[in-house]
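Structure below is upload_17.txt: compact mmCIF, C-alpha atoms.
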```txt
# COMPACT_ATOMS: atom_id res chain seq x y z
CA MET A 251 291.79 -48.86 162.61
CA SER A 252 289.84 -45.63 162.22
CA GLU A 253 290.11 -42.80 164.72
CA THR A 254 286.40 -43.10 165.43
CA THR A 255 286.76 -46.80 166.28
CA LEU A 256 289.60 -46.14 168.72
CA LEU A 257 287.73 -43.33 170.45
CA LEU A 258 284.78 -45.62 171.12
CA LEU A 259 286.88 -48.50 172.44
CA VAL A 260 287.43 -48.96 176.16
CA TYR A 261 290.78 -48.59 177.92
CA CYS A 262 293.39 -51.35 177.59
CA ILE A 263 293.91 -53.16 180.89
CA ASN A 264 296.55 -55.42 182.39
CA CYS A 265 296.73 -56.91 185.85
CA LEU A 266 298.91 -58.93 188.20
CA ILE A 267 297.91 -60.86 191.33
CA LEU A 268 300.51 -61.54 194.04
CA GLY A 269 299.65 -64.07 196.75
CA SER A 270 301.38 -65.34 199.88
CA PRO A 271 303.57 -68.46 199.39
CA GLU A 272 302.07 -70.39 202.32
CA LYS A 273 298.67 -70.37 200.60
CA HIS A 274 299.55 -70.16 196.92
CA GLY A 275 302.74 -72.18 196.51
CA SER A 276 306.48 -71.60 196.51
CA GLY A 277 306.28 -69.49 193.34
CA ALA A 278 304.26 -66.78 195.09
CA ILE A 279 305.79 -63.68 196.66
CA ASP A 280 305.71 -63.10 200.40
CA ILE A 281 303.64 -59.94 200.88
CA ASP A 282 303.43 -58.85 204.52
CA GLU A 283 302.28 -55.44 205.73
CA TYR A 284 305.79 -54.02 205.63
CA ASN A 285 306.45 -55.32 202.13
CA LYS A 286 303.10 -53.96 200.95
CA GLY A 287 304.01 -50.46 202.06
CA THR A 288 307.45 -50.70 200.51
CA LEU A 289 306.04 -52.09 197.27
CA ILE A 290 303.40 -49.36 196.97
CA ASN A 291 305.94 -46.60 197.52
CA HIS A 292 308.22 -48.25 194.99
CA LEU A 293 305.40 -48.45 192.45
CA LYS A 294 304.62 -44.76 192.92
CA THR A 295 308.24 -43.76 192.48
CA SER A 296 308.88 -45.94 189.44
CA LEU A 297 305.62 -44.75 187.84
CA SER A 298 306.61 -41.13 188.35
CA ASN A 299 310.06 -41.76 186.89
CA ALA A 300 308.62 -43.67 183.93
CA LEU A 301 306.30 -40.78 183.05
CA HIS A 302 309.37 -38.62 182.38
CA HIS A 303 310.01 -40.92 179.40
CA PHE A 304 306.31 -41.24 178.47
CA PRO A 305 304.97 -37.66 178.65
CA LEU A 306 301.90 -38.48 176.56
CA LEU A 307 300.60 -40.74 179.34
CA ALA A 308 300.74 -37.85 181.81
CA GLY A 309 298.62 -35.63 179.56
CA CYS A 310 294.99 -35.67 178.49
CA LEU A 311 292.91 -35.68 175.33
CA ALA A 312 291.81 -32.34 173.89
CA THR A 313 289.76 -31.35 170.87
CA THR A 314 289.70 -28.71 168.17
CA ARG A 315 286.32 -27.86 166.64
CA TYR A 316 285.87 -26.81 163.03
CA GLU A 317 282.68 -24.84 162.47
CA ASP A 318 283.04 -24.81 158.66
CA ASP A 319 282.13 -28.51 158.36
CA ASP A 320 280.94 -29.35 161.91
CA THR A 321 283.85 -31.68 162.66
CA ILE A 322 286.32 -32.13 165.49
CA SER A 323 289.85 -33.47 165.80
CA PHE A 324 291.50 -35.01 168.84
CA PHE A 325 295.06 -34.54 170.08
CA VAL A 326 297.07 -35.28 173.20
CA ASP A 327 297.75 -32.24 175.35
CA CYS A 328 301.03 -32.96 177.18
CA ASN A 329 300.05 -30.72 180.09
CA ASP A 330 301.60 -32.90 182.81
CA ALA A 331 298.19 -33.47 184.39
CA GLY A 332 299.54 -36.76 185.70
CA ALA A 333 298.39 -40.35 185.89
CA LEU A 334 295.89 -41.84 188.32
CA PHE A 335 297.24 -43.88 191.25
CA ILE A 336 294.90 -45.54 193.76
CA HIS A 337 295.66 -47.67 196.80
CA ALA A 338 292.52 -49.53 197.92
CA THR A 339 291.56 -52.31 200.32
CA ALA A 340 289.09 -55.13 199.64
CA ASP A 341 288.07 -56.18 203.15
CA GLY A 342 287.67 -59.91 203.64
CA ILE A 343 288.62 -60.79 200.05
CA THR A 344 291.29 -63.42 199.44
CA VAL A 345 293.25 -64.29 196.33
CA SER A 346 291.28 -67.55 196.12
CA ASP A 347 288.04 -65.56 195.94
CA ILE A 348 289.37 -64.12 192.68
CA ILE A 349 291.11 -67.02 190.97
CA ASN A 350 288.99 -70.04 192.03
CA PRO A 351 285.40 -69.24 190.90
CA VAL A 352 284.28 -70.50 187.49
CA TYR A 353 283.00 -67.05 186.59
CA ILE A 354 284.82 -63.77 187.19
CA SER A 355 283.93 -62.24 190.55
CA SER A 356 282.27 -58.82 190.54
CA VAL A 357 285.03 -57.72 192.91
CA VAL A 358 287.51 -57.84 190.02
CA HIS A 359 285.84 -54.95 188.19
CA SER A 360 286.23 -52.71 191.24
CA CYS A 361 289.99 -53.26 191.04
CA PHE A 362 290.13 -51.41 187.70
CA PRO A 363 289.62 -47.66 188.27
CA LEU A 364 289.16 -46.94 184.54
CA ASN A 365 287.15 -50.08 183.87
CA ARG A 366 284.92 -49.97 180.76
CA LEU A 367 285.66 -46.30 180.24
CA GLN A 368 285.41 -45.26 176.59
CA CYS A 369 288.57 -43.68 175.27
CA TYR A 370 287.04 -40.38 174.14
CA LYS A 371 286.38 -39.63 177.82
CA GLY A 372 290.11 -39.12 178.16
CA ILE A 373 289.21 -35.44 177.77
CA THR A 374 288.23 -35.39 181.45
CA LYS A 375 289.80 -38.63 182.71
CA PRO A 376 293.49 -39.63 183.05
CA LEU A 377 295.05 -41.43 180.10
CA LEU A 378 296.84 -43.82 182.44
CA GLY A 379 295.65 -45.37 185.69
CA LEU A 380 297.18 -47.75 188.21
CA GLN A 381 295.43 -49.28 191.21
CA VAL A 382 296.86 -51.46 193.96
CA THR A 383 294.18 -53.36 195.90
CA ASP A 384 295.01 -55.12 199.16
CA PHE A 385 293.52 -58.58 199.72
CA VAL A 386 293.69 -60.57 202.94
CA ASP A 387 296.56 -62.69 201.61
CA GLY A 388 297.87 -60.78 198.61
CA ILE A 389 297.52 -57.78 196.32
CA PHE A 390 295.98 -57.03 192.94
CA ILE A 391 297.81 -54.58 190.66
CA ASP A 392 295.99 -53.08 187.69
CA CYS A 393 297.28 -50.79 184.97
CA SER A 394 294.96 -49.21 182.37
CA VAL A 395 295.80 -47.01 179.38
CA ASN A 396 293.74 -45.06 176.86
CA HIS A 397 293.71 -46.91 173.52
CA VAL A 398 293.81 -43.65 171.56
CA VAL A 399 297.31 -43.00 172.93
CA ALA A 400 298.80 -46.49 172.80
CA ASP A 401 298.15 -49.88 171.25
CA GLY A 402 299.03 -53.17 172.92
CA THR A 403 302.65 -53.10 171.77
CA SER A 404 303.19 -49.59 173.15
CA PHE A 405 301.37 -50.53 176.37
CA TRP A 406 303.80 -53.41 176.91
CA HIS A 407 306.68 -51.08 176.00
CA PHE A 408 305.57 -48.84 178.86
CA LEU A 409 305.11 -51.72 181.32
CA ASN A 410 308.51 -53.22 180.51
CA SER A 411 310.18 -49.80 180.68
CA ARG A 412 308.59 -49.05 184.05
CA SER A 413 309.83 -52.42 185.30
CA GLU A 414 313.31 -51.63 183.96
CA ILE A 415 313.31 -48.22 185.67
CA SER A 416 312.18 -49.77 188.96
CA ARG A 417 315.38 -51.83 188.98
CA GLY A 418 317.57 -48.74 188.83
CA PRO A 419 318.55 -47.67 185.27
CA THR A 420 317.66 -44.08 184.37
CA ASN A 421 318.08 -44.60 180.62
CA LEU A 422 315.81 -46.95 178.73
CA SER A 423 317.37 -49.85 176.84
CA LYS A 424 314.68 -49.38 174.18
CA PRO A 425 314.27 -45.60 173.64
CA LEU A 426 310.91 -44.32 172.44
CA VAL A 427 310.10 -42.87 169.03
CA PHE A 428 307.30 -40.29 169.22
CA GLN A 429 307.62 -38.94 165.67
CA ARG A 430 304.22 -39.35 164.01
CA TRP A 431 303.89 -41.04 160.63
CA PHE A 432 300.86 -41.03 158.32
CA PRO A 433 300.39 -42.58 154.86
CA ASP A 434 300.82 -40.25 151.91
CA GLY A 435 297.72 -38.32 150.95
CA MET A 436 296.12 -38.36 154.39
CA ASP A 437 294.69 -35.03 155.54
CA ILE A 438 296.10 -33.93 158.89
CA PRO A 439 294.60 -33.34 161.40
CA ILE A 440 292.04 -36.10 161.06
CA ARG A 441 288.59 -34.53 161.25
CA ILE A 442 285.70 -36.55 162.63
CA PRO A 443 282.03 -35.57 162.16
CA ARG A 444 280.62 -34.43 165.47
CA SER A 445 277.59 -36.60 164.77
CA CYS A 446 279.83 -39.67 165.19
CA ILE A 447 281.11 -38.69 168.62
CA ASP A 448 279.40 -36.09 170.75
CA VAL A 449 281.79 -35.54 173.65
CA ASN A 450 279.01 -33.78 175.55
CA GLN A 451 276.92 -36.95 175.64
CA CYS A 452 278.67 -39.53 177.79
CA ASN A 453 275.83 -42.08 177.95
CA ASP A 454 276.13 -42.12 181.74
CA ASP A 455 272.58 -43.47 182.00
CA PHE A 456 273.37 -46.53 179.87
CA VAL A 457 273.26 -49.75 181.90
CA LEU A 458 275.19 -52.74 180.61
CA PRO A 459 273.15 -55.95 180.37
CA HIS A 460 273.89 -58.49 183.07
CA THR A 461 276.34 -61.06 181.76
CA ARG A 462 278.67 -63.57 183.35
CA GLU A 463 282.30 -63.57 182.29
CA ARG A 464 284.72 -66.47 182.29
CA ILE A 465 288.39 -66.88 181.46
CA PHE A 466 289.43 -69.94 179.46
CA HIS A 467 292.94 -71.30 179.72
CA PHE A 468 294.49 -73.33 176.89
CA SER A 469 297.55 -75.40 177.73
CA LYS A 470 300.64 -75.32 175.53
CA GLU A 471 299.99 -78.94 174.56
CA THR A 472 296.40 -78.21 173.50
CA ILE A 473 297.46 -75.28 171.34
CA GLU A 474 300.19 -77.38 169.72
CA LYS A 475 297.60 -80.05 168.86
CA LEU A 476 295.25 -77.45 167.33
CA LYS A 477 298.09 -76.02 165.25
CA ALA A 478 299.21 -79.46 164.05
CA LYS A 479 295.64 -80.43 163.16
CA ALA A 480 294.95 -77.22 161.21
CA ASN A 481 298.19 -77.49 159.23
CA ALA A 482 297.72 -81.21 158.53
CA GLU A 483 294.15 -80.76 157.28
CA ILE A 484 295.06 -77.98 154.85
CA GLY A 485 298.45 -79.45 153.90
CA THR A 486 300.73 -76.61 154.97
CA ASP A 487 302.95 -75.52 157.84
CA ASN A 488 302.15 -71.80 157.63
CA ILE A 489 299.23 -71.65 160.07
CA SER A 490 300.38 -70.20 163.38
CA SER A 491 299.36 -71.26 166.88
CA LEU A 492 297.29 -68.09 167.28
CA GLN A 493 295.48 -68.57 163.97
CA ALA A 494 294.61 -72.17 164.87
CA LEU A 495 293.34 -71.12 168.31
CA LEU A 496 291.26 -68.25 166.89
CA SER A 497 289.72 -70.64 164.37
CA HIS A 498 288.85 -73.11 167.12
CA ILE A 499 287.20 -70.38 169.23
CA TRP A 500 285.31 -68.99 166.23
CA ARG A 501 283.79 -72.36 165.37
CA PHE A 502 282.70 -73.13 168.93
CA VAL A 503 281.16 -69.69 169.48
CA ILE A 504 279.07 -70.12 166.33
CA ARG A 505 278.20 -73.73 167.17
CA ASN A 506 276.81 -72.70 170.55
CA GLY A 507 275.06 -69.57 169.28
CA SER A 508 271.68 -69.06 167.64
CA PHE A 509 272.81 -68.64 164.05
CA GLU A 510 270.89 -69.49 160.90
CA PRO A 511 272.84 -71.77 158.52
CA ASN A 512 273.13 -69.09 155.83
CA GLU A 513 273.80 -66.26 158.27
CA GLU A 514 277.11 -64.54 157.65
CA THR A 515 279.52 -64.44 160.56
CA LYS A 516 282.55 -62.18 160.78
CA TYR A 517 285.74 -62.55 162.78
CA ARG A 518 287.43 -59.20 163.28
CA ILE A 519 291.20 -59.28 163.70
CA VAL A 520 293.78 -56.64 164.48
CA VAL A 521 297.18 -56.83 162.78
CA GLY A 522 300.32 -55.03 163.90
CA ALA A 523 301.68 -52.50 161.39
CA ARG A 524 305.20 -51.98 162.74
CA GLN A 525 306.67 -54.99 160.99
CA ARG A 526 304.63 -54.26 157.85
CA CYS A 527 305.46 -50.58 157.32
CA ARG A 528 309.12 -49.74 156.80
CA GLU A 529 308.48 -46.18 158.00
CA LEU A 530 307.57 -47.40 161.49
CA PRO A 531 310.37 -48.49 163.86
CA ASP A 532 309.75 -51.24 166.40
CA ASN A 533 309.88 -48.74 169.27
CA TYR A 534 307.31 -46.39 167.72
CA PHE A 535 305.00 -45.25 170.53
CA GLY A 536 301.37 -44.86 169.58
CA ASN A 537 298.85 -46.83 167.56
CA ALA A 538 300.20 -48.89 164.68
CA ILE A 539 297.45 -51.40 164.05
CA LEU A 540 295.37 -52.42 161.07
CA GLY A 541 291.84 -53.78 161.40
CA THR A 542 290.22 -56.28 159.05
CA PHE A 543 287.82 -59.22 159.20
CA VAL A 544 287.17 -62.64 157.73
CA ALA A 545 283.58 -63.52 156.81
CA THR A 546 281.89 -66.86 156.18
CA LYS A 547 278.46 -68.44 156.54
CA ALA A 548 277.65 -70.29 159.75
CA LYS A 549 276.97 -73.62 158.01
CA GLU A 550 280.30 -73.46 156.14
CA LEU A 551 282.10 -72.86 159.39
CA MET A 552 280.44 -75.89 160.97
CA GLU A 553 280.69 -78.24 157.98
CA GLN A 554 284.39 -77.60 157.45
CA GLY A 555 287.18 -78.44 159.84
CA ILE A 556 289.43 -76.15 161.81
CA ASP A 557 291.73 -75.86 158.81
CA ASN A 558 289.54 -73.72 156.53
CA PRO A 559 288.88 -70.76 158.87
CA ALA A 560 292.47 -70.92 160.11
CA TRP A 561 293.76 -70.79 156.53
CA ARG A 562 291.47 -67.88 155.66
CA LEU A 563 292.74 -66.00 158.71
CA ASN A 564 296.29 -66.76 157.61
CA ARG A 565 295.73 -65.55 154.05
CA THR A 566 293.93 -62.37 155.19
CA ILE A 567 296.81 -61.44 157.46
CA ALA A 568 299.37 -62.29 154.77
CA ALA A 569 297.55 -60.05 152.28
CA MET A 570 297.95 -57.11 154.68
CA THR A 571 301.70 -57.59 154.78
CA GLY A 572 302.07 -56.70 151.11
```
structure tokens encoding of this file:
Amino acid sequence: MSETTLLLLVYCINCLILGSPEKHGSGAIDIDEYNKGTLINHLKTSLSNALHHFPLLAGCLATTRYEDDDTISFFVDCNDAGALFIHATADGITVSDIINPVYISSVVHSCFPLNRLQCYKGITKPLLGLQVTDFVDGIFIDCSVNHVVADGTSFWHFLNSRSEISRGPTNLSKPLVFQRWFPDGMDIPIRIPRSCIDVNQCNDDFVLPHTRERIFHFSKETIEKLKAKANAEIGTDNISSLQALLSHIWRFVIRNGSFEPNEETKYRIVVGARQRCRELPDNYFGNAILGTFVATKAKELMEQGIDNPAWRLNRTIAAMTG
């Protein structure tokens, strides 16, 4: 994906809800006031220790301006500015208030300190943030990271490493690789026209339209049926579970939208580059993703079964493997 695209994306987020076992089943964790305090201190300590291994996440974005062509380039300044850690309390809110409603509660957004923050604002905002929010009968733990610094794979590398460190080891079982790699012929540093991103204009007055958000859960059995159906219809066994699910979602979004029959629709997908570029090791920390899309007309998507869009997704991804 282009540098400009990443800079305009919002922070990656991940969250975990812990509820009391008497209200949320035997699989829940008993969180009393004492355990909350112990857990929060433990999270702070393990986060601090993890940042020794992930110095980029304790830094901030910085820019270099080039007056000769009115461009700028971004880089990570490892200045040890630190990560954001917040301990908050949501008075009167229970775990059920979060997980039971059909639509996502507005309270959830307040649990993410870097929620909907565009990545280029990492110049003045932390690149990593963690918030622990107390509920009446549980806690909500959020972790957010700037997408310019890390993709999803690197984000999970950090989360798993922090979890590993919290259990005692001082050395990571999967050491990081920070050495940058760029394709041959690419000009470094990457210069971006200032007209594309004006870091002095943060659009603080922009108000998002009111929308309701909902999380859909697909059971393992449902996904297996979608995969079997897509493969059977096209006569192959190469379509993955994810490709079948994406095809299913694509078709239903278009079916329930206001699209003209001949209107072109595009499904944008992101493909991991680590397993596709020999120069990139699995533990490369940074962004190693490729963006592409599959396009088709709305009527074709509706007239054909789940197999055709799933197969086109499969072939597009395969073509990027080389």
Selection near stretch 502-508 of chain A, 7 Å with all atoms listed in the file, sequence-local residues under 2 positions removed, as a list in words: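 Result of the neighbour search: His498, Ile499, Trp500, Glu510, Ala548 and Met552 of chain A.
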Atom pair atom CA of A:Gly309 / atom CA of A:Val398: separation (Å):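 Distance between the two atoms: 12.3 Å.
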Nearby residues, (297.0, -76.9, 153.4) file frame, 12 Å, only C-alpha atoms, as a PyMOL selection string: chain A and resi 477-489+555-562+564-565
Gap from atom CA of A:Ser394 to atom CA of A:Phe362 - Å, one decimal: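 Atom CA of A:Phe362 lies 7.5 Å from atom CA of A:Ser394.
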Spatial neighbours of A:Leu297, 10 Å, only C-alpha atoms, chain gap at least 2 places, as a PyMOL selection string: chain A and resi 291-295+299-302+333+335+380+408-409+411-413+415-416
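Put simply, atom CA of A:Glu474 is 26.2 Å away from atom CA of A:Tyr353.
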Selection near A:Tyr370, 8 Å with all atoms listed in the file, sequence-local residues under 4 positions removed, as a ChimeraX atom specification: /A:257-258,311,398,449
Stretch 526-530 of chain A environment, 10 Å, only C-alpha atoms, sequence neighbours closer than 6 positions dropped, as a PyMOL selection string: chain A and resi 427+429-433+538-540+570-572
Residue among A:Val395, A:Glu414, A:Ser490, A:Ala331 lying closest to A:Ile473, counting all atoms listed in the file: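 Smallest separation from A:Ile473 among the options: A:Ser490.
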Counting only C-alpha atoms, the residue of A:Asp330, A:Asp384, A:Asp320, A:Glu514 that sits nearest A:Phe304: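 Comparing A:Asp330, A:Asp384, A:Asp320, A:Glu514 against A:Phe304, the winner is A:Asp330.
You can rank A:Leu256, A:Ala568, A:Ile290, A:Ile519 by their closest distance to A:His397 using all atoms listed in the file, and at the top of that list sits A:Leu256.
Residue nearest A:Asp327 within the list A:Pro305, A:Pro439, A:Leu259, A:Arg462: A:Pro305 [criterion: smallest interatomic distance, only C-alpha atoms].
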Residue list as an MDAnalysis selection string for point (286.8, -37.4, 183.4), cut-off 12 Å, all atoms listed in the file: chainID A and resid 310:312 334 363:364 367:378 449:450 452 454
Export C-alpha atoms of the chosen residues as a short mmCIF file (atom, residue, chain, number, x, y, z; two decimals), in the coordinates of the input?
```cif
data_model
loop_
_atom_site.label_atom_id
_atom_site.label_comp_id
_atom_site.auth_asym_id
_atom_site.auth_seq_id
_atom_site.Cartn_x
_atom_site.Cartn_y
_atom_site.Cartn_z
CA CYS A 310 294.99 -35.67 178.49
CA LEU A 311 292.91 -35.68 175.33
CA ALA A 312 291.81 -32.34 173.89
CA LEU A 334 295.89 -41.84 188.32
CA PRO A 363 289.62 -47.66 188.27
CA LEU A 364 289.16 -46.94 184.54
CA LEU A 367 285.66 -46.30 180.24
CA GLN A 368 285.41 -45.26 176.59
CA CYS A 369 288.57 -43.68 175.27
CA TYR A 370 287.04 -40.38 174.14
CA LYS A 371 286.38 -39.63 177.82
CA GLY A 372 290.11 -39.12 178.16
CA ILE A 373 289.21 -35.44 177.77
CA THR A 374 288.23 -35.39 181.45
CA LYS A 375 289.80 -38.63 182.71
CA PRO A 376 293.49 -39.63 183.05
CA LEU A 377 295.05 -41.43 180.10
CA LEU A 378 296.84 -43.82 182.44
CA VAL A 449 281.79 -35.54 173.65
CA ASN A 450 279.01 -33.78 175.55
CA CYS A 452 278.67 -39.53 177.79
CA ASP A 454 276.13 -42.12 181.74
#
```
Pick from A:Ile438, A:Val399, A:Val352, A:Val357 nearest to A:Phe466, counting all atoms listed in the file: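 Residue with the minimum atom-to-atom distance to A:Phe466: A:Val352.
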Among the residues A:His407, A:Arg366, A:His337, A:Arg441, the one that comes closest to A:Glu317 [using all atoms listed in the file]: A:Arg441
Have stretch 503-513 of chain A completed to all heavy atoms, please, and pass it along as a PDB file, keeping the file's coordinate frame.
```pdb
ATOM      1  N   VAL A 503     282.090 -70.776 169.176  1.00  0.00           N
ATOM      2  CA  VAL A 503     281.160 -69.690 169.480  1.00  0.00           C
ATOM      3  C   VAL A 503     279.943 -69.783 168.571  1.00  0.00           C
ATOM      4  O   VAL A 503     278.789 -69.655 169.010  1.00  0.00           O
ATOM      5  CB  VAL A 503     281.845 -68.309 169.326  1.00  0.00           C
ATOM      6  CG1 VAL A 503     280.802 -67.185 169.339  1.00  0.00           C
ATOM      7  CG2 VAL A 503     282.846 -68.094 170.445  1.00  0.00           C
ATOM      8  N   ILE A 504     280.173 -70.020 167.286  1.00  0.00           N
ATOM      9  CA  ILE A 504     279.070 -70.120 166.330  1.00  0.00           C
ATOM     10  C   ILE A 504     278.247 -71.376 166.591  1.00  0.00           C
ATOM     11  O   ILE A 504     277.009 -71.359 166.529  1.00  0.00           O
ATOM     12  CB  ILE A 504     279.605 -70.123 164.881  1.00  0.00           C
ATOM     13  CG1 ILE A 504     280.373 -68.825 164.589  1.00  0.00           C
ATOM     14  CG2 ILE A 504     278.468 -70.302 163.894  1.00  0.00           C
ATOM     15  CD1 ILE A 504     279.580 -67.559 164.842  1.00  0.00           C
ATOM     16  N   ARG A 505     278.911 -72.476 166.919  1.00  0.00           N
ATOM     17  CA  ARG A 505     278.200 -73.730 167.170  1.00  0.00           C
ATOM     18  C   ARG A 505     277.256 -73.612 168.363  1.00  0.00           C
ATOM     19  O   ARG A 505     276.169 -74.198 168.372  1.00  0.00           O
ATOM     20  CB  ARG A 505     279.200 -74.863 167.420  1.00  0.00           C
ATOM     21  CG  ARG A 505     278.538 -76.249 167.444  1.00  0.00           C
ATOM     22  CD  ARG A 505     279.526 -77.342 167.767  1.00  0.00           C
ATOM     23  NE  ARG A 505     279.905 -77.326 169.182  1.00  0.00           N
ATOM     24  CZ  ARG A 505     280.692 -78.238 169.743  1.00  0.00           C
ATOM     25  NH1 ARG A 505     281.232 -79.203 168.983  1.00  0.00           N
ATOM     26  NH2 ARG A 505     280.989 -78.179 171.028  1.00  0.00           N
ATOM     27  N   ASN A 506     277.624 -72.835 169.348  1.00  0.00           N
ATOM     28  CA  ASN A 506     276.810 -72.700 170.550  1.00  0.00           C
ATOM     29  C   ASN A 506     275.918 -71.454 170.539  1.00  0.00           C
ATOM     30  O   ASN A 506     275.269 -71.148 171.533  1.00  0.00           O
ATOM     31  CB  ASN A 506     277.726 -72.648 171.788  1.00  0.00           C
ATOM     32  CG  ASN A 506     278.390 -73.975 172.065  1.00  0.00           C
ATOM     33  OD1 ASN A 506     277.783 -74.889 172.600  1.00  0.00           O
ATOM     34  ND2 ASN A 506     279.655 -74.098 171.673  1.00  0.00           N
ATOM     35  N   GLY A 507     275.920 -70.740 169.415  1.00  0.00           N
ATOM     36  CA  GLY A 507     275.060 -69.570 169.280  1.00  0.00           C
ATOM     37  C   GLY A 507     273.815 -69.870 168.468  1.00  0.00           C
ATOM     38  O   GLY A 507     273.650 -70.963 167.918  1.00  0.00           O
ATOM     39  N   SER A 508     272.928 -68.899 168.399  1.00  0.00           N
ATOM     40  CA  SER A 508     271.680 -69.060 167.640  1.00  0.00           C
ATOM     41  C   SER A 508     271.836 -68.441 166.262  1.00  0.00           C
ATOM     42  O   SER A 508     271.345 -67.343 165.993  1.00  0.00           O
ATOM     43  CB  SER A 508     270.511 -68.417 168.407  1.00  0.00           C
ATOM     44  OG  SER A 508     270.370 -68.992 169.690  1.00  0.00           O
ATOM     45  N   PHE A 509     272.538 -69.146 165.394  1.00  0.00           N
ATOM     46  CA  PHE A 509     272.810 -68.640 164.050  1.00  0.00           C
ATOM     47  C   PHE A 509     272.080 -69.475 163.005  1.00  0.00           C
ATOM     48  O   PHE A 509     272.060 -70.714 163.090  1.00  0.00           O
ATOM     49  CB  PHE A 509     274.315 -68.656 163.767  1.00  0.00           C
ATOM     50  CG  PHE A 509     275.115 -67.666 164.572  1.00  0.00           C
ATOM     51  CD1 PHE A 509     275.601 -68.003 165.829  1.00  0.00           C
ATOM     52  CD2 PHE A 509     275.367 -66.394 164.076  1.00  0.00           C
ATOM     53  CE1 PHE A 509     276.324 -67.093 166.584  1.00  0.00           C
ATOM     54  CE2 PHE A 509     276.093 -65.475 164.818  1.00  0.00           C
ATOM     55  CZ  PHE A 509     276.568 -65.827 166.075  1.00  0.00           C
ATOM     56  N   GLU A 510     271.486 -68.797 162.030  1.00  0.00           N
ATOM     57  CA  GLU A 510     270.890 -69.490 160.900  1.00  0.00           C
ATOM     58  C   GLU A 510     272.009 -70.035 160.010  1.00  0.00           C
ATOM     59  O   GLU A 510     273.091 -69.440 159.924  1.00  0.00           O
ATOM     60  CB  GLU A 510     270.013 -68.533 160.095  1.00  0.00           C
ATOM     61  CG  GLU A 510     268.799 -68.011 160.854  1.00  0.00           C
ATOM     62  CD  GLU A 510     267.813 -69.113 161.184  1.00  0.00           C
ATOM     63  OE1 GLU A 510     267.763 -70.107 160.409  1.00  0.00           O
ATOM     64  OE2 GLU A 510     267.111 -68.993 162.199  1.00  0.00           O
ATOM     65  N   PRO A 511     271.786 -71.164 159.343  1.00  0.00           N
ATOM     66  CA  PRO A 511     272.840 -71.770 158.520  1.00  0.00           C
ATOM     67  C   PRO A 511     273.454 -70.827 157.494  1.00  0.00           C
ATOM     68  O   PRO A 511     274.666 -70.850 157.263  1.00  0.00           O
ATOM     69  CB  PRO A 511     272.122 -72.938 157.839  1.00  0.00           C
ATOM     70  CG  PRO A 511     271.019 -73.286 158.793  1.00  0.00           C
ATOM     71  CD  PRO A 511     270.562 -71.995 159.379  1.00  0.00           C
ATOM     72  N   ASN A 512     272.628 -69.987 156.867  1.00  0.00           N
ATOM     73  CA  ASN A 512     273.130 -69.090 155.830  1.00  0.00           C
ATOM     74  C   ASN A 512     273.491 -67.701 156.364  1.00  0.00           C
ATOM     75  O   ASN A 512     273.795 -66.802 155.576  1.00  0.00           O
ATOM     76  CB  ASN A 512     272.096 -68.944 154.712  1.00  0.00           C
ATOM     77  CG  ASN A 512     271.981 -70.228 153.882  1.00  0.00           C
ATOM     78  OD1 ASN A 512     272.983 -70.869 153.583  1.00  0.00           O
ATOM     79  ND2 ASN A 512     270.758 -70.590 153.540  1.00  0.00           N
ATOM     80  N   GLU A 513     273.450 -67.553 157.677  1.00  0.00           N
ATOM     81  CA  GLU A 513     273.800 -66.260 158.270  1.00  0.00           C
ATOM     82  C   GLU A 513     275.309 -66.044 158.199  1.00  0.00           C
ATOM     83  O   GLU A 513     276.092 -66.941 158.513  1.00  0.00           O
ATOM     84  CB  GLU A 513     273.327 -66.202 159.718  1.00  0.00           C
ATOM     85  CG  GLU A 513     273.524 -64.859 160.393  1.00  0.00           C
ATOM     86  CD  GLU A 513     272.924 -64.815 161.780  1.00  0.00           C
ATOM     87  OE1 GLU A 513     272.196 -65.764 162.151  1.00  0.00           O
ATOM     88  OE2 GLU A 513     273.186 -63.830 162.497  1.00  0.00           O
TER      89      GLU A 513
END
```
